[in-house]
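Take a look at the structure below.
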Number of protein chains: 2
Amino acid sequence: MSQENIKGILKTHQLRITDCRMDVMQFFLDEKSALSQSDLENQLTTYDRVTLYRTLNSFLDSGILHRIPNETGIATYGLCHDTCSPDQHEHNHVHFKCNKCGQIECLEEKVAHHVTVPSGYKVDGINMIVDGICGKCALI
Amino acid sequence: MSQENIKGILKTHQLRITDCRMDVMQFFLDEKSALSQSDLENQLTTYDRVTLYRTLNSFLDSGILHRIPNETGIATYGLCHDTCSPDQHEHNHVHFKCNKCGQIECLEEKVAHHVTVPSGYKVDGINMIVDGICGKCALI
DNA sequence: AAATTAAATGCAATTTAGTTGCATAAACTA
DNA sequence: TAGTTTATGCAACTAAATTGCATTTAATTT
């Protein structure tokens, strides 16, 4: 994706175009997998931890990123699909977590499954996390 | 569940019977919902933070507890079902997270769904997190 | 039951993650 | 290009996760 396209995404979400936001955006586009704040810190060393933290938050608020549930206790983030808007997030897709390399990626498959909940409960979203061994690690 | 039964669970998992482990176990049995380490710290104030931390870890290792994925970045734990053993965990059940009170609970429904993954990938488990409003919060 | 062995606990300390305030610098607007 | 708004970096703080070590306690053996 071109620099201009990234600028477009930022503008669409009414975010100012800054070096940090451009680089973070590019990083998420290059890596297909979910990233944690420390991943950013390790790769984009020119920026302050706090700046990266606030960049993630502004991306979250504007609907560019979403948080991906995992059991480790470390927040990870992934790019939203085109179908996401700040108001209405559409994250009912499937994430795959490799138990060897730890990488989390977004599978294209949609969760279409119906879930039965106790009466009186209201369902907003469904998230599915599949864990196992990814293609790369399976070869090792 | 009686004290003796709890002792039995600990023995089955080859864990020494200590006050802390008994109390933590009892706490998980009383609360039906998932708990975080800080929940334990707030309720079981007689024990050191580190002791609770290590108790959670030993319960994890022996298969008494499992981690429940969530997107907040705080690890939460829930009791495993009877079907779990240290070697083979059976956690393909559904968790419900209330967006109002934040409580996470385990729904009895089993995930029976088949998932399509890229070729070369191996699936170990499937986790499903449903979020919405729980019965209690819906009444408020 | 006492002695031995192995493991759990508490304390101190460290590392890492998440968060806020404020002065400065940069991006947008007119 | 001047003025306004927002983003950044630094310092500082809170909270979570983790490790080492001395002490205590539980289980085992005699």
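So you can find residues: chains in the structure tokens are A, B, ... in the order shown, residues in each start at 1, and ligands are numbered from 1 in order.
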Could you give me, as a count of residues only, each residue of chain B that DSSP assigns to alpha helix (DSSP H) when run on this structure's backbone?
48
With chain B as the partner and 7 Å as the cut-off, tabulate the residues of chain A that qualify, each row holding the nearest pair of atoms and their distance in Å to one decimal, using only C-alpha atoms, sorted by chain and rising number, as CSV.
residue,atom,partner,partner_atom,distance
A:Arg67,CA,B:Glu71,CA,5.7
A:Ile68,CA,B:Glu71,CA,5.5
A:Pro69,CA,B:Glu71,CA,3.7
A:Asn70,CA,B:Pro69,CA,4.2
A:Glu71,CA,B:Pro69,CA,3.7
A:Thr72,CA,B:Ala75,CA,6.1
A:Gly73,CA,B:Ala75,CA,4.2
A:Ile74,CA,B:Gly73,CA,4.6
A:Ala75,CA,B:Gly73,CA,4.3
A:Gly120,CA,B:Gly135,CA,4.8
A:Tyr121,CA,B:Cys134,CA,4.8
A:Lys122,CA,B:Ile133,CA,5.0
A:Val123,CA,B:Gly132,CA,4.4
A:Asp124,CA,B:Gly132,CA,4.4
A:Gly125,CA,B:Asp131,CA,5.3
A:Ile126,CA,B:Val130,CA,4.5
A:Asn127,CA,B:Ile129,CA,5.0
A:Met128,CA,B:Met128,CA,4.4
A:Ile129,CA,B:Asn127,CA,5.0
A:Val130,CA,B:Ile126,CA,4.5
A:Asp131,CA,B:Gly125,CA,5.3
A:Gly132,CA,B:Val123,CA,4.4
A:Ile133,CA,B:Lys122,CA,5.0
A:Cys134,CA,B:Tyr121,CA,4.8
A:Gly135,CA,B:Gly120,CA,4.8
A:Ala138,CA,B:Gly120,CA,6.9
So that I can check the surroundings of range 18-30 of chain C, please list as number ranges by chain every protein, DNA and RNA residue that reaches within 8 Å of it, counting only C-alpha atoms (C1' of nucleotides) and ignoring chain neighbours fewer than 5 positions away.
A: 16-18; D: 4-8, 14-15
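CA of Leu56 in chain B is positioned 11.9 Å from CA of Asp39 in chain B.
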I'd like the superposed copy of chain A - fitted to chain B by least squares over all paired Cα atoms - as a PDB file with C-alpha atoms, in the first residue's frame.
ATOM      1  CA  MET A   1     -18.148 -28.706  47.901  1.00  0.00           C
ATOM      2  CA  SER A   2     -16.683 -29.978  51.140  1.00  0.00           C
ATOM      3  CA  GLN A   3     -13.202 -29.372  52.462  1.00  0.00           C
ATOM      4  CA  GLU A   4     -12.504 -33.060  52.006  1.00  0.00           C
ATOM      5  CA  ASN A   5     -13.492 -32.928  48.364  1.00  0.00           C
ATOM      6  CA  ILE A   6     -11.169 -30.021  47.742  1.00  0.00           C
ATOM      7  CA  LYS A   7      -8.357 -31.940  49.401  1.00  0.00           C
ATOM      8  CA  GLY A   8      -9.153 -34.794  47.065  1.00  0.00           C
ATOM      9  CA  ILE A   9      -8.799 -32.569  44.034  1.00  0.00           C
ATOM     10  CA  LEU A  10      -5.420 -31.328  45.222  1.00  0.00           C
ATOM     11  CA  LYS A  11      -4.225 -34.864  45.946  1.00  0.00           C
ATOM     12  CA  THR A  12      -5.400 -36.081  42.562  1.00  0.00           C
ATOM     13  CA  HIS A  13      -3.219 -33.446  40.984  1.00  0.00           C
ATOM     14  CA  GLN A  14      -0.298 -34.320  43.275  1.00  0.00           C
ATOM     15  CA  LEU A  15      -0.295 -30.989  45.013  1.00  0.00           C
ATOM     16  CA  ARG A  16       0.419 -30.550  48.711  1.00  0.00           C
ATOM     17  CA  ILE A  17      -2.511 -29.455  50.776  1.00  0.00           C
ATOM     18  CA  THR A  18      -1.918 -25.960  52.097  1.00  0.00           C
ATOM     19  CA  ASP A  19      -4.165 -23.245  53.488  1.00  0.00           C
ATOM     20  CA  CYS A  20      -3.589 -21.004  50.515  1.00  0.00           C
ATOM     21  CA  ARG A  21      -4.432 -23.664  47.949  1.00  0.00           C
ATOM     22  CA  MET A  22      -7.543 -24.668  49.878  1.00  0.00           C
ATOM     23  CA  ASP A  23      -8.746 -21.068  50.047  1.00  0.00           C
ATOM     24  CA  VAL A  24      -7.991 -20.303  46.412  1.00  0.00           C
ATOM     25  CA  MET A  25      -9.769 -23.484  45.350  1.00  0.00           C
ATOM     26  CA  GLN A  26     -12.772 -22.611  47.509  1.00  0.00           C
ATOM     27  CA  PHE A  27     -12.854 -19.125  46.053  1.00  0.00           C
ATOM     28  CA  PHE A  28     -12.955 -20.408  42.501  1.00  0.00           C
ATOM     29  CA  LEU A  29     -15.714 -22.835  43.440  1.00  0.00           C
ATOM     30  CA  ASP A  30     -17.792 -20.137  45.128  1.00  0.00           C
ATOM     31  CA  GLU A  31     -17.429 -17.614  42.349  1.00  0.00           C
ATOM     32  CA  LYS A  32     -18.750 -19.094  39.182  1.00  0.00           C
ATOM     33  CA  SER A  33     -16.947 -16.553  37.054  1.00  0.00           C
ATOM     34  CA  ALA A  34     -13.399 -16.247  35.857  1.00  0.00           C
ATOM     35  CA  LEU A  35     -10.942 -14.548  38.181  1.00  0.00           C
ATOM     36  CA  SER A  36      -7.802 -12.515  37.725  1.00  0.00           C
ATOM     37  CA  GLN A  37      -4.810 -12.480  40.012  1.00  0.00           C
ATOM     38  CA  SER A  38      -5.886  -9.129  41.421  1.00  0.00           C
ATOM     39  CA  ASP A  39      -9.309 -10.554  42.249  1.00  0.00           C
ATOM     40  CA  LEU A  40      -7.539 -13.074  44.440  1.00  0.00           C
ATOM     41  CA  GLU A  41      -5.339 -10.423  45.986  1.00  0.00           C
ATOM     42  CA  ASN A  42      -8.353  -8.347  46.946  1.00  0.00           C
ATOM     43  CA  GLN A  43     -10.248 -11.219  48.509  1.00  0.00           C
ATOM     44  CA  LEU A  44      -7.552 -13.387  50.034  1.00  0.00           C
ATOM     45  CA  THR A  45      -5.582 -10.667  51.716  1.00  0.00           C
ATOM     46  CA  THR A  46      -3.878 -12.986  54.186  1.00  0.00           C
ATOM     47  CA  TYR A  47      -1.620 -14.360  51.497  1.00  0.00           C
ATOM     48  CA  ASP A  48       1.271 -12.709  49.762  1.00  0.00           C
ATOM     49  CA  ARG A  49       0.897 -11.646  46.131  1.00  0.00           C
ATOM     50  CA  VAL A  50       3.702 -13.971  45.124  1.00  0.00           C
ATOM     51  CA  THR A  51       2.117 -16.924  46.882  1.00  0.00           C
ATOM     52  CA  LEU A  52      -1.134 -16.366  45.030  1.00  0.00           C
ATOM     53  CA  TYR A  53       0.799 -15.982  41.807  1.00  0.00           C
ATOM     54  CA  ARG A  54       2.550 -19.299  42.353  1.00  0.00           C
ATOM     55  CA  THR A  55      -0.667 -20.969  43.436  1.00  0.00           C
ATOM     56  CA  LEU A  56      -2.279 -19.949  40.167  1.00  0.00           C
ATOM     57  CA  ASN A  57       0.702 -21.278  38.268  1.00  0.00           C
ATOM     58  CA  SER A  58       0.688 -24.630  40.037  1.00  0.00           C
ATOM     59  CA  PHE A  59      -3.034 -24.934  39.366  1.00  0.00           C
ATOM     60  CA  LEU A  60      -2.413 -24.101  35.727  1.00  0.00           C
ATOM     61  CA  ASP A  61       0.385 -26.632  35.407  1.00  0.00           C
ATOM     62  CA  SER A  62      -1.600 -29.389  37.024  1.00  0.00           C
ATOM     63  CA  GLY A  63      -4.660 -28.673  34.941  1.00  0.00           C
ATOM     64  CA  ILE A  64      -6.991 -27.468  37.672  1.00  0.00           C
ATOM     65  CA  LEU A  65      -7.290 -24.045  36.080  1.00  0.00           C
ATOM     66  CA  HIS A  66      -7.022 -22.742  32.560  1.00  0.00           C
ATOM     67  CA  ARG A  67      -6.467 -19.291  31.200  1.00  0.00           C
ATOM     68  CA  ILE A  68      -9.420 -17.624  29.572  1.00  0.00           C
ATOM     69  CA  PRO A  69      -8.655 -15.406  26.582  1.00  0.00           C
ATOM     70  CA  ASN A  70      -9.811 -11.838  26.788  1.00  0.00           C
ATOM     71  CA  GLU A  71      -8.903  -8.637  25.074  1.00  0.00           C
ATOM     72  CA  THR A  72      -8.110  -6.445  28.081  1.00  0.00           C
ATOM     73  CA  GLY A  73      -4.541  -7.584  28.559  1.00  0.00           C
ATOM     74  CA  ILE A  74      -5.180  -8.973  32.031  1.00  0.00           C
ATOM     75  CA  ALA A  75      -4.898 -12.719  32.469  1.00  0.00           C
ATOM     76  CA  THR A  76      -8.008 -14.383  33.850  1.00  0.00           C
ATOM     77  CA  TYR A  77      -8.455 -17.924  35.035  1.00  0.00           C
ATOM     78  CA  GLY A  78     -11.303 -20.388  35.266  1.00  0.00           C
ATOM     79  CA  LEU A  79     -11.807 -23.852  36.676  1.00  0.00           C
ATOM     80  CA  CYS A  80     -11.362 -26.655  34.234  1.00  0.00           C
ATOM     81  CA  HIS A  81     -14.150 -29.101  33.691  1.00  0.00           C
ATOM     82  CA  ASP A  82     -13.890 -32.662  34.877  1.00  0.00           C
ATOM     83  CA  THR A  83     -12.883 -33.656  31.392  1.00  0.00           C
ATOM     84  CA  CYS A  84      -9.564 -31.847  31.680  1.00  0.00           C
ATOM     85  CA  SER A  85      -6.362 -33.643  32.533  1.00  0.00           C
ATOM     86  CA  PRO A  86      -2.869 -32.180  32.757  1.00  0.00           C
ATOM     87  CA  ASP A  87      -2.018 -33.746  29.413  1.00  0.00           C
ATOM     88  CA  GLN A  88      -5.190 -33.187  27.511  1.00  0.00           C
ATOM     89  CA  HIS A  89      -7.127 -30.028  28.087  1.00  0.00           C
ATOM     90  CA  GLU A  90     -10.631 -29.747  26.827  1.00  0.00           C
ATOM     91  CA  HIS A  91     -11.364 -26.055  26.776  1.00  0.00           C
ATOM     92  CA  ASN A  92     -13.343 -25.746  23.655  1.00  0.00           C
ATOM     93  CA  HIS A  93     -16.278 -24.365  25.522  1.00  0.00           C
ATOM     94  CA  VAL A  94     -17.826 -20.943  25.305  1.00  0.00           C
ATOM     95  CA  HIS A  95     -17.096 -18.037  27.602  1.00  0.00           C
ATOM     96  CA  PHE A  96     -19.411 -15.104  28.081  1.00  0.00           C
ATOM     97  CA  LYS A  97     -18.084 -11.674  28.919  1.00  0.00           C
ATOM     98  CA  CYS A  98     -20.447  -8.987  30.184  1.00  0.00           C
ATOM     99  CA  ASN A  99     -19.643  -5.577  28.735  1.00  0.00           C
ATOM    100  CA  LYS A 100     -21.213  -3.848  31.719  1.00  0.00           C
ATOM    101  CA  CYS A 101     -19.851  -5.580  34.824  1.00  0.00           C
ATOM    102  CA  GLY A 102     -16.906  -7.198  33.088  1.00  0.00           C
ATOM    103  CA  GLN A 103     -17.590 -10.603  34.552  1.00  0.00           C
ATOM    104  CA  ILE A 104     -16.492 -13.589  32.538  1.00  0.00           C
ATOM    105  CA  GLU A 105     -18.271 -16.863  32.970  1.00  0.00           C
ATOM    106  CA  CYS A 106     -18.198 -20.239  31.396  1.00  0.00           C
ATOM    107  CA  LEU A 107     -21.214 -21.302  29.385  1.00  0.00           C
ATOM    108  CA  GLU A 108     -21.963 -24.978  29.305  1.00  0.00           C
ATOM    109  CA  GLU A 109     -22.361 -25.040  25.573  1.00  0.00           C
ATOM    110  CA  LYS A 110     -19.638 -26.880  23.735  1.00  0.00           C
ATOM    111  CA  VAL A 111     -17.974 -25.521  20.621  1.00  0.00           C
ATOM    112  CA  ALA A 112     -18.640 -28.172  18.036  1.00  0.00           C
ATOM    113  CA  HIS A 113     -18.019 -25.910  15.097  1.00  0.00           C
ATOM    114  CA  HIS A 114     -15.647 -26.775  12.370  1.00  0.00           C
ATOM    115  CA  VAL A 115     -13.273 -24.073  11.212  1.00  0.00           C
ATOM    116  CA  THR A 116     -11.602 -23.755   7.864  1.00  0.00           C
ATOM    117  CA  VAL A 117      -7.968 -22.705   8.092  1.00  0.00           C
ATOM    118  CA  PRO A 118      -5.434 -22.044   5.330  1.00  0.00           C
ATOM    119  CA  SER A 119      -3.788 -25.171   3.974  1.00  0.00           C
ATOM    120  CA  GLY A 120      -0.774 -26.281   5.972  1.00  0.00           C
ATOM    121  CA  TYR A 121      -2.233 -25.000   9.216  1.00  0.00           C
ATOM    122  CA  LYS A 122      -2.928 -27.349  12.100  1.00  0.00           C
ATOM    123  CA  VAL A 123      -5.739 -26.694  14.576  1.00  0.00           C
ATOM    124  CA  ASP A 124      -5.240 -27.594  18.235  1.00  0.00           C
ATOM    125  CA  GLY A 125      -8.162 -25.873  19.888  1.00  0.00           C
ATOM    126  CA  ILE A 126     -11.054 -23.558  19.365  1.00  0.00           C
ATOM    127  CA  ASN A 127     -12.075 -20.896  21.815  1.00  0.00           C
ATOM    128  CA  MET A 128     -15.183 -18.831  21.614  1.00  0.00           C
ATOM    129  CA  ILE A 129     -15.891 -15.654  23.514  1.00  0.00           C
ATOM    130  CA  VAL A 130     -19.368 -14.206  23.421  1.00  0.00           C
ATOM    131  CA  ASP A 131     -19.765 -10.688  24.709  1.00  0.00           C
ATOM    132  CA  GLY A 132     -22.872  -8.779  25.607  1.00  0.00           C
ATOM    133  CA  ILE A 133     -24.945  -8.078  28.686  1.00  0.00           C
ATOM    134  CA  CYS A 134     -25.406 -10.687  31.392  1.00  0.00           C
ATOM    135  CA  GLY A 135     -28.682 -11.461  33.140  1.00  0.00           C
ATOM    136  CA  LYS A 136     -27.934  -9.404  36.235  1.00  0.00           C
ATOM    137  CA  CYS A 137     -26.877  -6.280  34.338  1.00  0.00           C
ATOM    138  CA  ALA A 138     -29.814  -6.547  31.953  1.00  0.00           C
ATOM    139  CA  LEU A 139     -32.156  -5.867  34.882  1.00  0.00           C
ATOM    140  CA  ILE A 140     -30.465  -2.642  35.942  1.00  0.00           C
TER     141      ILE A 140
END
In Å, rounded to a single decimal, give me how far C1' of DA12 in chain C is from C1' of DC13 in chain D.
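Those two atoms sit 20.3 Å apart.
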Among chain A, which ones does DSSP assign to strand (DSSP E or B) (computed from the backbone)? Answer as a PyMOL selection string.
chain A and resi 33+35-36+65-68+70+76-79+93-98+104-110+122-133
Selected residues, C-alpha atoms, written as a PDB file, in the first residue's frame, please.
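Final file, selection05.pdb:
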ATOM      1  CA  SER A  33      -0.198 -10.788  12.262  1.00  0.00           C
ATOM      2  CA  LEU A  35       0.997  -6.923  17.260  1.00  0.00           C
ATOM      3  CA  SER A  36       1.498  -5.936  20.863  1.00  0.00           C
ATOM      4  CA  LEU A  65      -7.372  -1.215  14.951  1.00  0.00           C
ATOM      5  CA  HIS A  66      -9.152  -3.590  17.264  1.00  0.00           C
ATOM      6  CA  ARG A  67      -7.975  -5.546  20.240  1.00  0.00           C
ATOM      7  CA  ILE A  68      -7.610  -9.261  19.779  1.00  0.00           C
ATOM      8  CA  ASN A  70      -5.798 -13.736  24.031  1.00  0.00           C
ATOM      9  CA  THR A  76      -2.553  -7.383  21.080  1.00  0.00           C
ATOM     10  CA  TYR A  77      -3.935  -5.409  18.192  1.00  0.00           C
ATOM     11  CA  GLY A  78      -4.932  -6.122  14.625  1.00  0.00           C
ATOM     12  CA  LEU A  79      -6.089  -4.097  11.658  1.00  0.00           C
ATOM     13  CA  HIS A  93     -13.935 -13.177  12.463  1.00  0.00           C
ATOM     14  CA  VAL A  94     -11.601 -15.937  13.503  1.00  0.00           C
ATOM     15  CA  HIS A  95      -8.115 -15.483  14.880  1.00  0.00           C
ATOM     16  CA  PHE A  96      -5.467 -18.162  14.822  1.00  0.00           C
ATOM     17  CA  LYS A  97      -2.806 -18.348  17.489  1.00  0.00           C
ATOM     18  CA  CYS A  98       0.266 -20.509  16.950  1.00  0.00           C
ATOM     19  CA  ILE A 104      -1.651 -14.351  16.082  1.00  0.00           C
ATOM     20  CA  GLU A 105      -3.201 -13.840  12.704  1.00  0.00           C
ATOM     21  CA  CYS A 106      -6.591 -13.120  11.337  1.00  0.00           C
ATOM     22  CA  LEU A 107      -8.293 -15.842   9.344  1.00  0.00           C
ATOM     23  CA  GLU A 108     -10.648 -14.720   6.647  1.00  0.00           C
ATOM     24  CA  GLU A 109     -13.376 -17.049   7.756  1.00  0.00           C
ATOM     25  CA  LYS A 110     -16.372 -15.346   9.273  1.00  0.00           C
ATOM     26  CA  LYS A 122     -27.906 -10.056  25.205  1.00  0.00           C
ATOM     27  CA  VAL A 123     -25.205 -10.921  22.671  1.00  0.00           C
ATOM     28  CA  ASP A 124     -23.179  -8.122  21.087  1.00  0.00           C
ATOM     29  CA  GLY A 125     -20.366 -10.011  19.428  1.00  0.00           C
ATOM     30  CA  ILE A 126     -18.772 -13.366  18.977  1.00  0.00           C
ATOM     31  CA  ASN A 127     -15.055 -13.925  18.915  1.00  0.00           C
ATOM     32  CA  MET A 128     -13.353 -17.134  18.039  1.00  0.00           C
ATOM     33  CA  ILE A 129      -9.753 -18.020  18.716  1.00  0.00           C
ATOM     34  CA  VAL A 130      -8.318 -21.143  17.169  1.00  0.00           C
ATOM     35  CA  ASP A 131      -4.994 -22.311  18.504  1.00  0.00           C
ATOM     36  CA  GLY A 132      -2.585 -24.835  17.115  1.00  0.00           C
ATOM     37  CA  ILE A 133       0.473 -24.874  14.899  1.00  0.00           C
TER      38      ILE A 133
END
Rows by chain and residue number, chain D within 10 Å of chain B, shortest pair, only C-alpha atoms (C1' of nucleotides), as CSV:
residue,atom,partner,partner_atom,distance
D:DA16,C1',B:Ile74,CA,8.6
D:DA17,C1',B:Tyr53,CA,8.8
D:DT18,C1',B:Val50,CA,9.0
D:DT25,C1',B:Thr18,CA,8.6
D:DA26,C1',B:Arg16,CA,6.8
D:DA27,C1',B:Arg16,CA,8.0
Output as a count of residues only the set of chain C residues within 9 Å of chain B, with distances taken over only C-alpha atoms (C1' of nucleotides).
4
